[in-house]
Structures are given as C-alpha cells and as structure tokens.
Amino acid sequence: MSRVIALIWKDLLIEARSRQFIGAMLAFTLIVIVTLNFAFDLIREGREMNGAGALWVAILFSGLIGIGRSIAVERDRGTLDGLILTPIDGGTLFLGKFGASLASIIVVEIVALPVFAALYDLPALDPLVLGIVLAGSAGLAGLGTLFSAVTSGGRSREVLLPLLLFPLMIPVLIAAVRATGEVFQGDRDDILRWINLLIGFDAIFIVLAYLGFGFLIED
Amino acid sequence: MIVEMHGVSKRYGRQAALRSVDFQADGGSVVALLGANGAGKTTLLRILATLTQPNRGSYRAFGVNAWEHRQEVRARLGYVGHRPFVYPELTCLENLIFYGRMFGLERPEDAGAAALENVGLAERADRPAASLSRGLLQRLDLARATLHAPALLVLDEPDTGLDSPGRQLLRSIMRQHAANGGLAVFTSHALEFAIDTSDRIVTLAGGEVVDDRASAAATIATLETTISRAAPVEASA
Amino acid sequence: MNGFLDRRDRWLNLTGLLGVAIVLVGIYMAFQYAPTDRVQGHAQRIFYIHVPMAWLAYLAYAVLFVGAIGYLWKKDWKWDRLARASAELGFLFTTLVLISGSLWGRPIWGTWWQWEARLTTTLILWFIYLGYFMLRSYAGDREKAARHSAVLGIIGMIDIPIIHQSVKWWRTLHPEPVVLDTTGPNLPDSMLYTLLVCFVGFTVLYAFLMGMKYRVESARDEIGEREMTRMFEASAAQQPAVDTTSAPSISGGMED
C-alpha cells in the first residue's frame, strides 16, 4: 500500500539525514559483540552455541533501541498526532513503523554480521544464518513496534518495554540461538523445527500486532 | 451542521477539563474560541479533531458519530496544534509531499508546491524545515493543514509566533475557507485578531461555555471581563 | 448468621464454605491418606498443593484472556473487571506455584531451581502477569489501562503455548530431572484421588475468590463513575454573575 511505503520512506529519509539511531544501534551492537567475547569462553567446546548466544543478545538489545525510538520519537516531537490525523487505520500505521524499524535493524546487521564473523571466526554470513537473522529480527520488530505504542512517552519507558517484550520473545530467542548455533556447528539436520517455530511465530504475531496496534495508539 | 456537541464532558485525572459543553457550528463561518489558560479550549479542540473522546456526551461531525467514523472525519479535517506536525530533517516540500501521500492526493508534488506558494514559502521549498523560524514553521504547518482542502479546520493558537504579514495571511486563509463553505474553529489569546477574523465568538471558563455571541457584538473590554471572571474549578477529591 | 445467608451473598458464601471444606479434606488426605512416596519421601506431599495451584495459575490467565477479548469487543466494563480480578488471583497463584515448586525441588534436586519446561513456562507467566500490572498502572486513565492490558493479555495467551513448546524442545537437549509424572498410568489410585480432591477444592475456592474480587472491582468502578459525574456537574452555582456594563477598560494586556 502506497501509504505504508510513504511512511517507511519518510522514516528512512530522516534516518539517513540525521543518522541518529542507526549510529547508536551500530555502536552498541559492536560493543556488545566485543564485550561478550570476554564474558564467555569462546575458544573451546561449545563456542559455536555461545557465539550464537552472544550474537542474538547483541541483536536483541540493539533492536530494543531502534524500536523504542520509532514511535517514541514521534510522540516526543509531537508529530504522532499528525500521523493519527491522517485517514489511515492503525494497521497501516503499524506496517509503516514496523517496516522502518526492521529496515534499521537490518542495516545494522549488515555491518555487524561480517564483524562478528571475523572476530569470532564463525560462519555468520552463511545464507541460512542470514535467513534466521531475518526471521528473528522480523519477530522482534513486530512485537517491539506493537509495544512501543504503549510504552513511549517518558516515565519508566526504558523499563517497561523490555519487561513486556522479553518474556514474549523467548521462543524467538530460543529458536534463533539454537538454529544459528547448529549452523555454526555444521549440523543442519535438526534446525527445521526451529525455523518452523520462527516463521510460525512471525506469522502469528505480526498479524496480531497489525490488528492490535490501532487499539493502542489512540488516546 | 458540520459539528454538533451535546453535553460533552472530559476529565484528565482528577481535573474536569470540560463540563457539559454544547456547541454547534455550520459551514461558511469562522468561530473563535476564547478563554483563560486552563479553561478547556485545547481539550475542546482536541475532541473536535477526534484526537480524544469525551467521557460523557456526544459529538457528531458531518452528520455522523465522529469517533466511530473518525477515519472519514479525519480525511476532511485539518488540524494545527501547539506543536507543528513537521519533520525538521525533511525539506518543506518533502514534508508536504509526505502528508499529501498520506491523504491520498493525486499529485502531492504539485499540491505541495501550490500550498507553499499560498503561504509565501515557495523560495524555501528545498530548505530543511529545521532552518525555518518559529513564524515560518507556523506557516508551513498551516500549509500542511490545508493541503488536502479539508471542510473543517481546527486551529489551536495558530497566530502565536506570527508576524503581522503572517497574521494577515492566516486571516485571509480562514476567511477564504469560510467563503468556500468550510468551517474554521480557532483559539487565540489575541482578542483583536479574534474579533477581526471570526464571525462568532464562544468563550469558555472553568470548562463550560459562558458566552456565545456574534463578533460584531463583541468588544475587547467585555471579552476580557468574561474570560477572566472564573478560575478553573478544582474537582472535589 | 443472618447476614451470611442473605440472598445476595448466599451463593457466594456457600461456595466459599464448600471450597474451604473440600480443601481441608484434601489436605487431610494429602497427609494421612495418600501413601508416602518411595523415592521422595514426605517432601512429595507438596505436590498436592503445587499442581492444583499451577492449574489455577493458568486457569486464571484463561479467564483474563476471556475478559480481555470481551472488553475489546463489547467495550463493557464488566469484562475488564473479570480480567482485572482474575489477574490478581492468577499472579498470586503463580507466585505460590513457583515457591512451592522450589520448596519441593530443594530436597529432591538439591537445588532451589531447575529449568524444567513447566516451571520455566510458569516463571515466564509470572513475568507476563507482572507486565500486565505495570502496563495498567503506567497507562494513567482507566480506559487506556483496560484497553492496553487487554491487548497484552491476548498476545500473552497466544504466546504461552508457543513458549512452552519452545522451552520443552530446548530442554530435551539436556537431561531432565525426574519429576513425578502426573499424566502417566504410574500414579497409584490413592494419590490420584487425593490430587483430584485438591483440584476440585482449590477450583471452588478460586470461584469464590473471583466472586469476591469481582464485587470489589465493581464497587471500585461504581465509585469512579459517581466521582466523575459529580466532577462534571459541579460548577454552575460557583460562577459569579457577570456585570458587563461597568467593566473598566484594561489596556494592552491580552493582545499580542
């Protein structure tokens, strides 16, 4: 739908000119990746699974930055009302914000994944890993955008969003880490069920978020 | 009747912002809404603009329940609030093109260029909105609000920050809007401007309508008295 | 006793009595009637409380789910009351499940916690309940609180089976501690009966507590409504009369 594209385009254009969030997200992701290397034993046994865990922790936390900001920024600047007053329904607005958030997350991953692959000596650029990263990021962007509708606006915003989001995202975390780790181990037989779980999760919750967003965004 | 409100009440937390307000207005007129700070003007405008719902009472716009049909109402509504709906990183024209697309205009680039022309911002079309002064931002916001030729204009203190030519421009836009059959409702603290621009003046105090008269029958002195006569009433704990 | 059997309260109070009675029987059975488990000893008896509590924790969430859908669909406060009341009870039960699970596990596993599939899912449920309350208090006004938490309630409900499944798959990769299997045919009859009695007793007690809580929430809503009405009707008498003829002219002042 053309309005969704207009929304995504606007956000990407603003981000390209101000580089406000992508810069922060990127820096944060890289710091987390490097720091976790010291926290876990990434030389010996189990380094593939631990590496996968480190990667996904980095994605989850930096994703949180990108998502929380998208609606929050509109609210802080006062432009959210301007969007609400255009004749679009909540679902369309959701798709626009979801698309922009996902795009930001992907841009960060495009830089972070090669860095991760180099530092950890793990095949993070394997097409299967890319697919898993995409699916996991979509789930994160979907539920994250939904809850950012209620948690932006100051007052304890930073605590509430992760508190709501992380318990619900546990299936994505489990599936993404296990699937990624198994690809790193070179053992692809078992990952079908994790991938099915990811895709199923995304399908269900992106639809639910699309339907529920309208209820949350209005005053 | 373009807008009809009956018994509209709205509270924010423990404060009653509006108490049982009745208000109706039809196309072809400009209505000024006056009152001291805290009298409920912004709340009333927000309800008119379907940004919020009343706790009690009914609001119909264009003959339908405004909230239930809010998407349809919004398509015919132009709103200017306290903060401009403008993205500083985008140019003036890009801002308008975005809103043009959101409102489903056929040729948003042309509509945007024409709107900028109308508010005297044509030379700044390709400058980022961040480079505009407060008064010019107001003009851009006005262009944005009128871009899709709405039938109902709801403007919250649109004259704040405008210089004299700016105010002239605002006045002529509103009068033209009314001449074309539209309804404009605006608030202002500038009594002379309000009297000059509007056909009708409604005064709020303590969340209630305390006066409603034709502008021709209003003077600055009487308006000042009416406005300042009652402080907003505290809700009982 | 007159007030107790008063028509309005009668059914509710009898339900309460019934619930307490059955639970007492169940507890007696748990300690006297049910045999001592060969492997786990007396510690196992907490199972008769732990399992029904877990059932209630999830039942309460299901009721919350129904209330959430009802409210979003019908916009009637009574649905939100249902959700709110059940949420508080459900949170309590979930806390008790976690505590009783921990107390039970300590003598058997040697640790206070194991990431066993059902316990883990219940821990996540606990956080979802917590998020529900925080979201409600964050929202500010009643209507927003109800609407926002309803969406969370629905999302949570649909997610819980997915969470459980994913945790289960995750845990099959690690050796599971041996826990009493309540689903298999291995359970001796006496244990089964005790368990059933406790199940029924606690469920009846839940129904009673829900009835009470619902009443409290109704009263709270009623008070809120009356306060709002009073707030909106205040005023007309308080406006001083306006004398427009003798107003002094104030210069400058209000204009820009």
# chains A, B, ... in the order shown; residues from 1 in each chain; ligands from 1

call {"tool": "interface_residues", "arguments": {"of": "chain B", "to": "chain A", "cutoff": "9 Å", "atoms": "only C-alpha atoms", "output": "PyMOL selection string"}}
result
chain B and resi 49-53+70-90+94-95+98-99+101-104

call {"tool": "closest_atom_pairs", "arguments": {"of": "chain C", "to": "chain A", "cutoff": "7 Å", "atoms": "only C-alpha atoms", "output": "CSV"}}
result
residue,atom,partner,partner_atom,distance
C:Ile124,CA,A:Pro167,CA,5.8
C:Phe127,CA,A:Pro167,CA,6.7
C:Ile128,CA,A:Pro167,CA,6.8
C:Gly131,CA,A:Leu164,CA,5.5
C:Arg147,CA,A:Phe215,CA,6.9
C:His148,CA,A:Leu216,CA,5.9
C:Val151,CA,A:Gly212,CA,6.5
C:Gly156,CA,A:Leu168,CA,6.9
C:Asp159,CA,A:Leu168,CA,6.6
C:Ile162,CA,A:Pro171,CA,6.7
C:Ile163,CA,A:Pro171,CA,5.3
C:Ser166,CA,A:Pro171,CA,5.5

call {"tool": "residues_around", "arguments": {"residues": "Leu147 of chain B", "least_positions_apart": "3", "cutoff": "10 Å", "atoms": "only C-alpha atoms", "output": "ChimeraX atom specification"}}
result
/B:78,96-97,99-100,103,105,108,111-116,141-144,150

call {"tool": "select_by_dssp", "arguments": {"residues": "chain B", "states": "strand (DSSP E or B)", "output": "mmCIF file with N, CA and C atoms, in the first residue's frame"}}
result
data_model
loop_
_atom_site.group_PDB
_atom_site.id
_atom_site.type_symbol
_atom_site.label_atom_id
_atom_site.label_comp_id
_atom_site.auth_asym_id
_atom_site.auth_seq_id
_atom_site.Cartn_x
_atom_site.Cartn_y
_atom_site.Cartn_z
ATOM 1 N N VAL B 3 -20.411 20.503 12.820
ATOM 2 C CA VAL B 3 -20.089 19.915 14.123
ATOM 3 C C VAL B 3 -21.234 20.143 15.103
ATOM 4 N N GLU B 4 -21.504 19.085 15.886
ATOM 5 C CA GLU B 4 -22.542 19.175 16.907
ATOM 6 C C GLU B 4 -22.060 18.475 18.166
ATOM 7 N N MET B 5 -21.954 19.250 19.228
ATOM 8 C CA MET B 5 -21.558 18.642 20.507
ATOM 9 C C MET B 5 -22.678 18.851 21.505
ATOM 10 N N HIS B 6 -23.025 17.791 22.232
ATOM 11 C CA HIS B 6 -24.039 17.915 23.281
ATOM 12 C C HIS B 6 -23.529 17.303 24.565
ATOM 13 N N GLY B 7 -23.577 18.073 25.614
ATOM 14 C CA GLY B 7 -23.258 17.549 26.939
ATOM 15 C C GLY B 7 -21.870 16.949 27.051
ATOM 16 N N VAL B 8 -20.926 17.505 26.308
ATOM 17 C CA VAL B 8 -19.587 16.912 26.290
ATOM 18 C C VAL B 8 -18.825 17.248 27.565
ATOM 19 N N SER B 9 -18.371 16.209 28.240
ATOM 20 C CA SER B 9 -17.561 16.381 29.451
ATOM 21 C C SER B 9 -16.297 15.561 29.289
ATOM 22 N N LYS B 10 -15.211 16.109 29.811
ATOM 23 C CA LYS B 10 -13.937 15.380 29.700
ATOM 24 C C LYS B 10 -13.099 15.671 30.916
ATOM 25 N N ARG B 11 -12.518 14.604 31.456
ATOM 26 C CA ARG B 11 -11.642 14.851 32.593
ATOM 27 C C ARG B 11 -10.250 14.331 32.276
ATOM 28 N N TYR B 12 -9.276 14.925 32.922
ATOM 29 C CA TYR B 12 -7.914 14.425 32.866
ATOM 30 C C TYR B 12 -7.504 14.157 34.293
ATOM 31 N N GLN B 15 -9.004 16.212 37.300
ATOM 32 C CA GLN B 15 -9.500 17.527 36.876
ATOM 33 C C GLN B 15 -10.561 17.383 35.804
ATOM 34 N N ALA B 16 -11.620 18.151 35.956
ATOM 35 C CA ALA B 16 -12.622 18.194 34.898
ATOM 36 C C ALA B 16 -12.194 19.280 33.912
ATOM 37 N N ALA B 17 -11.853 18.898 32.686
ATOM 38 C CA ALA B 17 -11.416 19.886 31.705
ATOM 39 C C ALA B 17 -12.615 20.524 31.004
ATOM 40 N N LEU B 18 -13.632 19.724 30.787
ATOM 41 C CA LEU B 18 -14.844 20.250 30.149
ATOM 42 C C LEU B 18 -16.053 19.731 30.896
ATOM 43 N N ARG B 19 -17.025 20.599 31.087
ATOM 44 C CA ARG B 19 -18.240 20.199 31.798
ATOM 45 C C ARG B 19 -19.460 20.449 30.945
ATOM 46 N N SER B 20 -20.048 19.403 30.457
ATOM 47 C CA SER B 20 -21.348 19.507 29.799
ATOM 48 C C SER B 20 -21.415 20.649 28.767
ATOM 49 N N VAL B 21 -20.527 20.555 27.789
ATOM 50 C CA VAL B 21 -20.453 21.612 26.775
ATOM 51 C C VAL B 21 -21.380 21.295 25.601
ATOM 52 N N ASP B 22 -22.169 22.292 25.225
ATOM 53 C CA ASP B 22 -22.966 22.187 23.998
ATOM 54 C C ASP B 22 -22.370 23.161 22.983
ATOM 55 N N PHE B 23 -22.138 22.685 21.808
ATOM 56 C CA PHE B 23 -21.544 23.556 20.804
ATOM 57 C C PHE B 23 -21.921 23.050 19.423
ATOM 58 N N GLN B 24 -22.416 23.953 18.593
ATOM 59 C CA GLN B 24 -22.734 23.575 17.212
ATOM 60 C C GLN B 24 -22.242 24.651 16.273
ATOM 61 N N ALA B 25 -21.845 24.241 15.096
ATOM 62 C CA ALA B 25 -21.433 25.236 14.117
ATOM 63 C C ALA B 25 -21.601 24.655 12.721
ATOM 64 N N SER B 29 -18.517 29.573 8.152
ATOM 65 C CA SER B 29 -18.272 30.524 9.239
ATOM 66 C C SER B 29 -16.929 30.257 9.908
ATOM 67 N N VAL B 30 -16.465 31.275 10.603
ATOM 68 C CA VAL B 30 -15.241 31.160 11.389
ATOM 69 C C VAL B 30 -15.613 31.421 12.838
ATOM 70 N N VAL B 31 -15.299 30.469 13.699
ATOM 71 C CA VAL B 31 -15.648 30.604 15.114
ATOM 72 C C VAL B 31 -14.377 30.751 15.930
ATOM 73 N N ALA B 32 -14.327 31.765 16.779
ATOM 74 C CA ALA B 32 -13.184 31.931 17.677
ATOM 75 C C ALA B 32 -13.561 31.392 19.041
ATOM 76 N N LEU B 33 -12.655 30.643 19.650
ATOM 77 C CA LEU B 33 -12.885 30.064 20.963
ATOM 78 C C LEU B 33 -11.931 30.761 21.928
ATOM 79 N N LEU B 34 -12.496 31.472 22.884
ATOM 80 C CA LEU B 34 -11.629 32.231 23.786
ATOM 81 C C LEU B 34 -11.744 31.718 25.212
ATOM 82 N N GLY B 35 -10.770 32.070 26.006
ATOM 83 C CA GLY B 35 -10.822 31.672 27.403
ATOM 84 C C GLY B 35 -9.434 31.783 28.002
ATOM 85 N N ARG B 56 -18.271 11.951 28.602
ATOM 86 C CA ARG B 56 -19.736 11.975 28.563
ATOM 87 C C ARG B 56 -20.150 12.824 27.369
ATOM 88 N N GLY B 57 -21.367 12.587 26.920
ATOM 89 C CA GLY B 57 -21.896 13.444 25.869
ATOM 90 C C GLY B 57 -21.610 12.911 24.478
ATOM 91 N N SER B 58 -22.081 13.623 23.489
ATOM 92 C CA SER B 58 -21.931 13.152 22.112
ATOM 93 C C SER B 58 -21.303 14.219 21.230
ATOM 94 N N TYR B 59 -20.598 13.743 20.232
ATOM 95 C CA TYR B 59 -20.006 14.643 19.251
ATOM 96 C C TYR B 59 -20.246 14.064 17.875
ATOM 97 N N ARG B 60 -20.975 14.810 17.064
ATOM 98 C CA ARG B 60 -21.215 14.389 15.694
ATOM 99 C C ARG B 60 -20.565 15.391 14.744
ATOM 100 N N ALA B 61 -19.931 14.866 13.714
ATOM 101 C CA ALA B 61 -19.325 15.722 12.699
ATOM 102 C C ALA B 61 -19.772 15.227 11.333
ATOM 103 N N VAL B 64 -22.318 12.367 11.259
ATOM 104 C CA VAL B 64 -22.109 11.015 11.785
ATOM 105 C C VAL B 64 -21.407 11.097 13.128
ATOM 106 N N ASN B 65 -21.473 9.999 13.881
ATOM 107 C CA ASN B 65 -20.742 9.923 15.145
ATOM 108 C C ASN B 65 -19.253 10.067 14.833
ATOM 109 N N LEU B 77 -10.551 16.847 7.658
ATOM 110 C CA LEU B 77 -10.201 17.697 8.788
ATOM 111 C C LEU B 77 -8.776 18.200 8.651
ATOM 112 N N GLY B 78 -8.558 19.473 8.971
ATOM 113 C CA GLY B 78 -7.196 19.995 9.027
ATOM 114 C C GLY B 78 -6.972 20.539 10.424
ATOM 115 N N TYR B 79 -5.914 20.101 11.094
ATOM 116 C CA TYR B 79 -5.691 20.488 12.490
ATOM 117 C C TYR B 79 -4.317 21.110 12.669
ATOM 118 N N VAL B 80 -4.278 22.197 13.372
ATOM 119 C CA VAL B 80 -2.993 22.787 13.757
ATOM 120 C C VAL B 80 -2.954 22.827 15.276
ATOM 121 N N THR B 91 12.835 18.585 3.854
ATOM 122 C CA THR B 91 12.626 19.939 3.340
ATOM 123 C C THR B 91 11.146 20.282 3.449
ATOM 124 N N PRO B 128 15.674 22.581 4.449
ATOM 125 C CA PRO B 128 15.146 21.729 5.527
ATOM 126 C C PRO B 128 14.254 22.540 6.463
ATOM 127 N N LEU B 152 -13.296 21.054 7.453
ATOM 128 C CA LEU B 152 -13.273 21.535 8.831
ATOM 129 C C LEU B 152 -11.838 21.859 9.232
ATOM 130 N N LEU B 153 -11.610 23.087 9.632
ATOM 131 C CA LEU B 153 -10.292 23.493 10.104
ATOM 132 C C LEU B 153 -10.357 23.704 11.602
ATOM 133 N N VAL B 154 -9.468 23.059 12.338
ATOM 134 C CA VAL B 154 -9.429 23.235 13.783
ATOM 135 C C VAL B 154 -8.025 23.720 14.130
ATOM 136 N N LEU B 155 -7.910 24.916 14.633
ATOM 137 C CA LEU B 155 -6.593 25.530 14.805
ATOM 138 C C LEU B 155 -6.403 26.002 16.245
ATOM 139 N N LEU B 183 -15.855 25.257 7.614
ATOM 140 C CA LEU B 183 -15.957 25.760 8.982
ATOM 141 C C LEU B 183 -14.558 25.823 9.562
ATOM 142 N N ALA B 184 -14.229 26.946 10.178
ATOM 143 C CA ALA B 184 -12.944 27.057 10.865
ATOM 144 C C ALA B 184 -13.209 27.394 12.323
ATOM 145 N N VAL B 185 -12.594 26.645 13.223
ATOM 146 C CA VAL B 185 -12.696 26.931 14.655
ATOM 147 C C VAL B 185 -11.277 27.143 15.163
ATOM 148 N N PHE B 186 -11.033 28.270 15.808
ATOM 149 C CA PHE B 186 -9.672 28.511 16.274
ATOM 150 C C PHE B 186 -9.675 29.138 17.659
ATOM 151 N N THR B 187 -8.562 28.968 18.346
ATOM 152 C CA THR B 187 -8.415 29.635 19.637
ATOM 153 C C THR B 187 -7.328 30.693 19.508
ATOM 154 N N ARG B 200 -18.083 34.622 14.894
ATOM 155 C CA ARG B 200 -18.767 34.253 16.133
ATOM 156 C C ARG B 200 -17.709 33.982 17.177
ATOM 157 N N ILE B 201 -18.002 34.374 18.417
ATOM 158 C CA ILE B 201 -17.030 34.166 19.494
ATOM 159 C C ILE B 201 -17.674 33.386 20.627
ATOM 160 N N VAL B 202 -17.039 32.260 20.965
ATOM 161 C CA VAL B 202 -17.513 31.443 22.081
ATOM 162 C C VAL B 202 -16.459 31.527 23.177
ATOM 163 N N THR B 203 -16.898 31.795 24.389
ATOM 164 C CA THR B 203 -15.944 31.926 25.495
ATOM 165 C C THR B 203 -16.125 30.788 26.490
ATOM 166 N N LEU B 204 -15.015 30.199 26.872
ATOM 167 C CA LEU B 204 -15.028 29.125 27.874
ATOM 168 C C LEU B 204 -14.429 29.622 29.181
ATOM 169 N N ALA B 205 -14.992 29.153 30.280
ATOM 170 C CA ALA B 205 -14.362 29.396 31.580
ATOM 171 C C ALA B 205 -14.684 28.199 32.453
ATOM 172 N N GLU B 208 -16.715 25.316 30.974
ATOM 173 C CA GLU B 208 -18.082 25.498 30.477
ATOM 174 C C GLU B 208 -18.151 26.678 29.526
ATOM 175 N N VAL B 209 -19.151 26.628 28.656
ATOM 176 C CA VAL B 209 -19.390 27.755 27.754
ATOM 177 C C VAL B 209 -20.090 28.846 28.549
ATOM 178 N N VAL B 210 -19.462 29.996 28.647
ATOM 179 C CA VAL B 210 -20.085 31.070 29.429
ATOM 180 C C VAL B 210 -20.589 32.205 28.558
ATOM 181 N N ASP B 211 -20.216 32.194 27.292
ATOM 182 C CA ASP B 211 -20.674 33.270 26.415
ATOM 183 C C ASP B 211 -20.619 32.803 24.966
ATOM 184 N N ASP B 212 -21.538 33.253 24.172
ATOM 185 C CA ASP B 212 -21.578 32.854 22.771
ATOM 186 C C ASP B 212 -22.266 33.984 22.005
ATOM 187 N N ARG B 213 -21.486 34.726 21.245
ATOM 188 C CA ARG B 213 -22.090 35.882 20.581
ATOM 189 C C ARG B 213 -21.445 36.130 19.226
ATOM 190 N N ALA B 214 -22.113 36.927 18.400
ATOM 191 C CA ALA B 214 -21.536 37.302 17.113
ATOM 192 C C ALA B 214 -20.376 38.262 17.359
#

call {"tool": "interface_residues", "arguments": {"of": "chain B", "to": "chain C", "cutoff": "6 Å", "atoms": "only C-alpha atoms", "output": "JSON, numbers by chain"}}
result
{"B": [19, 190, 191, 221, 235]}

call {"tool": "residues_around", "arguments": {"residues": "Ile22 of chain A", "least_positions_apart": "4", "cutoff": "7 Å", "atoms": "only C-alpha atoms", "output": "list in words"}}
result
Leu26, Ser104 and Val108 of chain A

call {"tool": "atom_distance", "arguments": {"atom1": "atom CA of Pro52 of chain C", "atom2": "atom CA of Asp80 of chain C"}}
result
25.4 Å

call {"tool": "residues_around", "arguments": {"residues": "Ala112 of chain A", "least_positions_apart": "5", "cutoff": "9 Å", "atoms": "only C-alpha atoms", "output": "list of chain:residue names"}}
result
A:Leu26, A:Thr29, A:Leu30, A:Ile33, A:Val107, A:Ala117

call {"tool": "select_by_dssp", "arguments": {"residues": "segment 102-171 of chain B", "states": "helix (DSSP H, G or I)", "output": "ChimeraX atom specification"}}
result
/B:102,108-118,122-124,129-131,134-146,164-171

call {"tool": "write_last_selection", "arguments": {"atoms": "C-alpha atoms", "output": "CSV table (one decimal), in the first residue's frame"}}
result
chain,number,residue,atom,x,y,z
B,102,MET,CA,-0.8,10.1,3.4
B,108,PRO,CA,1.3,15.5,-4.0
B,109,GLU,CA,4.3,17.3,-5.5
B,110,ASP,CA,2.0,19.8,-7.3
B,111,ALA,CA,-0.3,20.2,-4.3
B,112,GLY,CA,2.7,20.8,-2.0
B,113,ALA,CA,4.3,23.4,-4.3
B,114,ALA,CA,1.0,25.2,-4.6
B,115,ALA,CA,0.4,25.2,-0.8
B,116,LEU,CA,3.9,26.6,-0.3
B,117,GLU,CA,3.1,29.3,-2.8
B,118,ASN,CA,0.0,30.2,-0.8
B,122,ALA,CA,7.9,29.0,-2.2
B,123,GLU,CA,11.6,30.0,-2.1
B,124,ARG,CA,12.2,27.8,0.8
B,129,ALA,CA,12.3,22.6,7.8
B,130,ALA,CA,14.8,22.9,10.7
B,131,SER,CA,16.1,26.1,9.1
B,134,ARG,CA,9.1,29.8,14.5
B,135,GLY,CA,6.8,32.0,12.5
B,136,LEU,CA,7.7,30.4,9.2
B,137,LEU,CA,7.2,26.9,10.7
B,138,GLN,CA,3.7,28.0,11.6
B,139,ARG,CA,3.1,28.9,8.0
B,140,LEU,CA,4.4,25.5,6.9
B,141,ASP,CA,2.1,23.9,9.4
B,142,LEU,CA,-0.8,25.9,8.0
B,143,ALA,CA,0.1,24.8,4.5
B,144,ARG,CA,0.1,21.2,5.8
B,145,ALA,CA,-3.2,21.5,7.4
B,146,THR,CA,-4.9,23.0,4.4
B,164,SER,CA,1.9,41.0,11.1
B,165,PRO,CA,2.0,39.7,7.5
B,166,GLY,CA,1.7,36.2,8.9
B,167,ARG,CA,-1.4,37.1,10.7
B,168,GLN,CA,-2.8,38.7,7.6
B,169,LEU,CA,-2.1,35.6,5.7
B,170,LEU,CA,-3.8,33.4,8.4
B,171,ARG,CA,-6.8,35.6,8.5

call {"tool": "residues_around", "arguments": {"residues": "Thr219 of chain B", "least_positions_apart": "4", "cutoff": "10 Å", "atoms": "only C-alpha atoms", "output": "short mmCIF file (atom, residue, chain, number, x, y, z; two decimals) with C-alpha atoms, in the first residue's frame"}}
result
data_model
loop_
_atom_site.label_atom_id
_atom_site.label_comp_id
_atom_site.auth_asym_id
_atom_site.auth_seq_id
_atom_site.Cartn_x
_atom_site.Cartn_y
_atom_site.Cartn_z
CA LEU B 191 -8.68 39.44 21.22
CA GLU B 192 -8.43 41.97 18.43
CA ILE B 195 -12.80 39.76 16.66
CA SER B 215 -18.18 39.04 16.72
CA LEU B 223 -14.45 39.81 26.31
CA GLU B 224 -11.68 40.41 28.81
#

call {"tool": "atom_distance", "arguments": {"atom1": "atom CA of Tyr48 of chain C", "atom2": "atom CA of Gln32 of chain C"}}
result
12.5 Å

call {"tool": "atom_distance", "arguments": {"atom1": "atom CA of Thr15 of chain C", "atom2": "atom CA of Arg81 of chain C"}}
result
20.1 Å

call {"tool": "residues_around", "arguments": {"residues": "Gly211 of chain C", "least_positions_apart": "4", "cutoff": "12 Å", "atoms": "only C-alpha atoms", "output": "ChimeraX atom specification"}}
result
/C:8-16,81-82,85-86,89,204-207,215-218
